[in-house]
Amino acid sequence: MSAQFLPVNRQDMAERGWDQVDFAYVSGDAYVDHPSFGAAIITRLLESHGYRVGVIAQPDWNDPASMAALGEPRLAFLVSAGNMDSMVNHYTVARKRRREDAYSPGGQAGLRPNHAAVVYSNLIRRTFKKTPIVLGGIEASLRRLAHYDYWSDKLKRSILLDSGADLVSFGMGERSVVEIADALDAGLSIDDLTFIDGTVYRASSLEHVYDAVELPSFPDLQADSLNYARSFAVQYANSDPFIGKRLVEPYSDHEFVVQNPPAAPLSQAEMDAVYRLPFARTYHPMYEEVGGVPAIKEVRFSLTSSRGCFGECSFCALTFHQGRIVQARSHDSLVEEARAIVDEPGFKGYIHDVGGPTANFRAPACAKQTKAGACPHQRCLFPEPCERLEADHVDYLKLLDRLQKLPGVKKVFVRSGIRFDYVLADRKHGDEFIYELCENHVSGQLKVAPEHVSDTVLAHMGKPPRAVYERFVQKYEQANEELGKKQYLVPYLMSSHPGSTLDEAVELAEYVRDLGYMPEQVQDFYPTPSTMSTVMYATGVDPRTMQPVYVPKSPHEKALQRALIQYRDPKNRPLVLEALKKAGRMDLVGHGRECLVRPEGASPAKGPRGKASGSSTLRKAASKAESARKGSAKGGGKGEPARTGGGKGAGKGEASRKGNGKGQRVVLPSKGARDAAGAKGPRKEAKRPGGKGSPKRPSGSSGASRAKGSGKTRR
């Protein structure tokens with residue numbers, strides 16, 4: 001079986017008749033040869049171009065000899081921290097060490113160092129003084145220029161300088177890594193590779209850099225945090241491959257970091273070619289005795305249909321990493337991979353997911369983006385959908401329908417999350433999409449991301465107002481009620497995001513109270529590198545407007561906001577009382593239906609509104625949904641949306657929103673589910689679309705072959 005994999009040691013090389021590899025790929029993850037892992041895509045892509053590639057997975061960072069496992073590569077070392085930033089992988093938002101690592105054998109933690117890309121690169125340089133080193137992956141991509149580091153609470157230099165590497169390949173790296181390989185193979189020095197889009201290099205002067213926008217110098221950033229906000233705003237506006245300028249970040253009068261414009265997005269044919277590469281689709285057999293690599297569980301029977309995101313949530317790094325222009329694979333490509341999944345051992349007929357950063361984004365937001373790029377100072381969905389937005393779910397519906405009709409496939413689910421505001425923006429097919437989703441593609445629960453309920457906080461998040469989410473909930477409830485289904489919404493909710501005072505935290509707590517269900521865990525805002533929200537956290541201003549933003553920074557205040565959402569937990573009682581007193585909301589302490597906690601000495605409430613939270617059937621269903629959520633979160637792969645960024649550079653992978661995949665959400669039963677939980681007698685016949693208030697389905701259609709037009713999904 002190991003013959004399917006690239007060499008991991010000298011013996012593997014000898015069996016192939018190799019005395020030297022062209023590239024040694026060093027990764028902080030275990031070796032998994034699956035297209036959901038950036039390392040697999042980059043190594044297989046280079047192999048397809050005729051290069052000899054070997055993999056050094058999770059080397060011993062205390063031993064320089066571990067970097068010589070394959071000998072000195074002919075062309076370069078490619079270094080990645082893995083599918084996640086190593087610091088997010090290691091630490092919770094409270095800076096506590098995680099006990100598991102889904103990307104390591106057996107889930108074992110501690111098999112990679114902090115700031116892994118820097119450590120690996122420095123370790124290589126101790127033994128191989130002149131061999132080129134190229135950094136890639138999410139960690140390098142989001143740290144390519146000066147950035148705020150949450151774990152040290154200070155501004156850090158470009159990763160290029162701290163690592164001693166020669167180049168950084170940022171973003172989705174298929175184009176840049178092949179250009180780098182071909183240039184080195186042609187005999188060019190690594191020092192001469194200053195012209196490749198999607199790369200960052202070091203320069204001792206700007207003599208030959210004549211067309212760049214100069215950012216504030218690193219000393220200026222250190223002197224005034226507002227300069228960091230201004231710098232990031234310029235970087236963000238130049239993250240588009242069509243209009244992005246070359247950027248220069250000075251460190252002294254003889255040291256500069258130069259970022260070339262982003263690489264062009266892949267065409268559909270190029271995307272299809274990437275996913276057609278001969279992946280083994282599993283982890284290396286050397287991990288079998290410890291139980292394999294947990295992260296494969298979430299992605300093994302899932303399909304990546306697209307990349308890029310024009311949703312632009314402020315706390316998400318996707319825009320900065322994958323870009324705003326959505327690229328999608330063809331139906332034929334996805335059907336081909338689905339047929340391969342059907343033949344895999346252990347497949348039971350269920351494709352777990354068909355999606356990407358956002359499942360229902362299947363094409364660029366508008367025709368302009370494919371020719372002139374994304375607008376630098378206008379967003380596609382916020383504060384409301386752009387008038388040029390082409391919202392259309394026809395293509396995605398057809399894709400899901402075609403996949404579900406494949407022999408051996410029982411169900412095709414959508415688990416990677418959808419943009420509900422985009423669904424509502426699709427006036428022709430949005431209702432139909434909701435109905436089809438509920439009827440055929442939801443496995444009991446649907447992930448959505450309202451994130452908060454305060455419009456003030458939502459504005460800083462770049463999310464639609466609360467009323468938009470509530471409109472979607474009503475439509476989701478209506479569809480499930482007509483279908484007679486008990487299906488739940490699983491909303492992501494976040495505490496302590498910039499803009500959230502205790503007043504907004506109380507508002508969120510009241511919302512959770514009214515759901516009739518309390519989350520066991522709460523997601524605090526996590527300031528990961530190079531997101532708009534992280535800049536707000538570090539500087540206290542919104543870099544887009546330079547207006548002040550309230551930032552809950554102290555651990556105690558964050559604990560207060562988190563406790564408010566978990567107000568029913570007895571151990572949170574002192575914090576909840578303190579928070580309510582500080583917020584001037586002691587009206588929520590008492591015996592009334594709207595109260596969160598009882599007065600001192602009173603027995604605790606049995607549930608929201610002072611009574612048990614719904615019927616036993618509902619509570620069991622909600623508990624089951626929460627348990628299913630916990631189980632799916634352990635995989636840490638594509639089943640969890642990439643919220644801190646993800647992709648492929650020289651090792652680009654998808655980064656989990658919450659570190660090791662232990663997501664924290666509230667399970668919200670829909671109204672239809674609540675009604676069904678208390679209903680007696682036979683289940684109502686499901687009403688088909690066409691009734692009052694429900695979408696009409698064209699005759700002869702079975703959920704996907706719907707409407708006229710191009711068949712392309714627009715976000």
# chains A, B, ... in the order shown; residues from 1 in each chain; ligands from 1
>>> residues_around(residues="Leu575 in chain A", least_positions_apart="4", cutoff="9 Å", atoms="only C-alpha atoms", output="list in words")
Ala559, Leu560, Gln561, Ala563, Leu564, Tyr567, Lys571, Ala579 and Leu580 of chain A
>>> residues_around(residues="range 112-119 of chain A", least_positions_apart="2", cutoff="8 Å", atoms="only C-alpha atoms", output="MDAnalysis selection string")
chainID A and resid 28:29 58:61 79:81 85:87 90 110 121:123 135 139:140 159 162:164
>>> write_last_selection(atoms="C-alpha atoms", output="PDB file, in the first residue's frame")
ATOM      1  CA  GLY A  28       3.796  19.872  10.583  1.00  0.00           C
ATOM      2  CA  ASP A  29       0.952  17.433   9.845  1.00  0.00           C
ATOM      3  CA  GLN A  58       6.352  15.940  11.570  1.00  0.00           C
ATOM      4  CA  PRO A  59      10.144  15.834  11.901  1.00  0.00           C
ATOM      5  CA  ASP A  60      11.787  15.940  15.323  1.00  0.00           C
ATOM      6  CA  TRP A  61      12.463  19.665  15.695  1.00  0.00           C
ATOM      7  CA  VAL A  79       8.074  23.974   4.363  1.00  0.00           C
ATOM      8  CA  SER A  80       4.575  24.158   5.839  1.00  0.00           C
ATOM      9  CA  ALA A  81       3.288  24.185   9.412  1.00  0.00           C
ATOM     10  CA  ASP A  85      -1.549  27.684  12.013  1.00  0.00           C
ATOM     11  CA  SER A  86       0.528  25.804  14.587  1.00  0.00           C
ATOM     12  CA  MET A  87      -0.422  28.210  17.381  1.00  0.00           C
ATOM     13  CA  HIS A  90      -1.815  24.119  19.996  1.00  0.00           C
ATOM     14  CA  GLY A 110       2.797  17.923  20.796  1.00  0.00           C
ATOM     15  CA  SER A 121      13.196  26.485   8.409  1.00  0.00           C
ATOM     16  CA  ASN A 122      15.830  27.419  10.978  1.00  0.00           C
ATOM     17  CA  LEU A 123      16.506  23.745  11.622  1.00  0.00           C
ATOM     18  CA  LEU A 135       7.547  28.542   2.950  1.00  0.00           C
ATOM     19  CA  GLU A 139       0.727  29.828   8.716  1.00  0.00           C
ATOM     20  CA  ALA A 140       3.183  31.377   6.269  1.00  0.00           C
ATOM     21  CA  ILE A 159       7.739  35.250   8.773  1.00  0.00           C
ATOM     22  CA  ASP A 162      12.296  35.206  11.301  1.00  0.00           C
ATOM     23  CA  SER A 163      12.519  31.916   9.421  1.00  0.00           C
ATOM     24  CA  GLY A 164      15.567  32.643   7.282  1.00  0.00           C
TER      25      GLY A 164
END
>>> closest_residue(among="A:Glu174, A:Glu207, A:Glu384, A:Asp421", to="Ser267 in chain A", atoms="only C-alpha atoms")
A:Glu174
>>> closest_atom_pairs(of="range 294-331 of chain A", to="range 444-467 of chain A", cutoff="12 Å", atoms="only C-alpha atoms", output="CSV")
residue,atom,partner,partner_atom,distance
A:Phe310,CA,A:Gly462,CA,11.2
A:Gly311,CA,A:Gly462,CA,8.3
A:Glu312,CA,A:Gly462,CA,6.8
A:Cys313,CA,A:Gly462,CA,5.1
A:Ser314,CA,A:Met461,CA,4.9
A:Phe315,CA,A:Met461,CA,6.6
A:Cys316,CA,A:Met461,CA,9.2
>>> atom_distance(atom1="CA of Leu6 in chain A", atom2="CA of Thr43 in chain A")
8.3 Å
>>> select_by_dssp(residues="range 410-499 of chain A", states="alpha helix (DSSP H)", output="ChimeraX atom specification")
/A:420-425,430-436,455-461,466-483
>>> write_last_selection(atoms="C-alpha atoms", output="compact mmCIF listing (two decimals), in the first residue's frame")
# COMPACT_ATOMS: atom_id res chain seq x y z
CA PHE A 420 -28.26 32.30 4.52
CA ASP A 421 -28.20 35.92 3.29
CA TYR A 422 -27.09 34.69 -0.13
CA VAL A 423 -29.99 32.21 -0.14
CA LEU A 424 -32.43 35.05 0.57
CA ALA A 425 -30.79 37.17 -2.13
CA GLY A 430 -33.80 30.66 -2.95
CA ASP A 431 -37.05 29.20 -1.57
CA GLU A 432 -36.69 26.17 -3.80
CA PHE A 433 -33.14 25.68 -2.53
CA ILE A 434 -34.30 25.76 1.10
CA TYR A 435 -37.01 23.21 0.38
CA GLU A 436 -34.64 20.86 -1.47
CA ASP A 455 -26.70 44.54 14.90
CA THR A 456 -23.86 46.60 16.34
CA VAL A 457 -21.62 43.56 16.69
CA LEU A 458 -22.83 42.09 13.41
CA ALA A 459 -21.77 45.27 11.60
CA HIS A 460 -18.21 44.88 12.91
CA MET A 461 -18.31 41.20 11.92
CA ARG A 466 -30.39 39.89 12.83
CA ALA A 467 -33.63 40.37 10.90
CA VAL A 468 -32.08 38.71 7.85
CA TYR A 469 -31.24 35.60 9.84
CA GLU A 470 -34.71 35.50 11.34
CA ARG A 471 -36.21 35.61 7.85
CA PHE A 472 -34.13 32.58 6.93
CA VAL A 473 -35.17 30.75 10.12
CA GLN A 474 -38.83 31.31 9.24
CA LYS A 475 -38.35 29.88 5.76
CA TYR A 476 -36.39 26.91 7.12
CA GLU A 477 -39.12 26.22 9.69
CA GLN A 478 -41.82 26.46 7.04
CA ALA A 479 -40.07 24.00 4.75
CA ASN A 480 -39.56 21.47 7.56
CA GLU A 481 -43.12 21.87 8.75
CA GLU A 482 -44.47 21.15 5.29
CA LEU A 483 -42.18 18.14 5.02
>>> select_by_dssp(residues="range 324-367 of chain A", states="strand (DSSP E)", output="PyMOL selection string")
chain A and resi 327-328+350-351+353-355
>>> atom_distance(atom1="CA of His591 in chain A", atom2="CA of Arg562 in chain A")
22.5 Å
>>> residues_around(residues="Arg246 in chain A", least_positions_apart="6", cutoff="6 Å", atoms="only C-alpha atoms", output="MDAnalysis selection string")
chainID A and resid 212 259:261
>>> residues_around(residues="His441 in chain A", least_positions_apart="5", cutoff="9 Å", atoms="only C-alpha atoms", output="NGL selection string")
:A and (400 or 411-415 or 436)
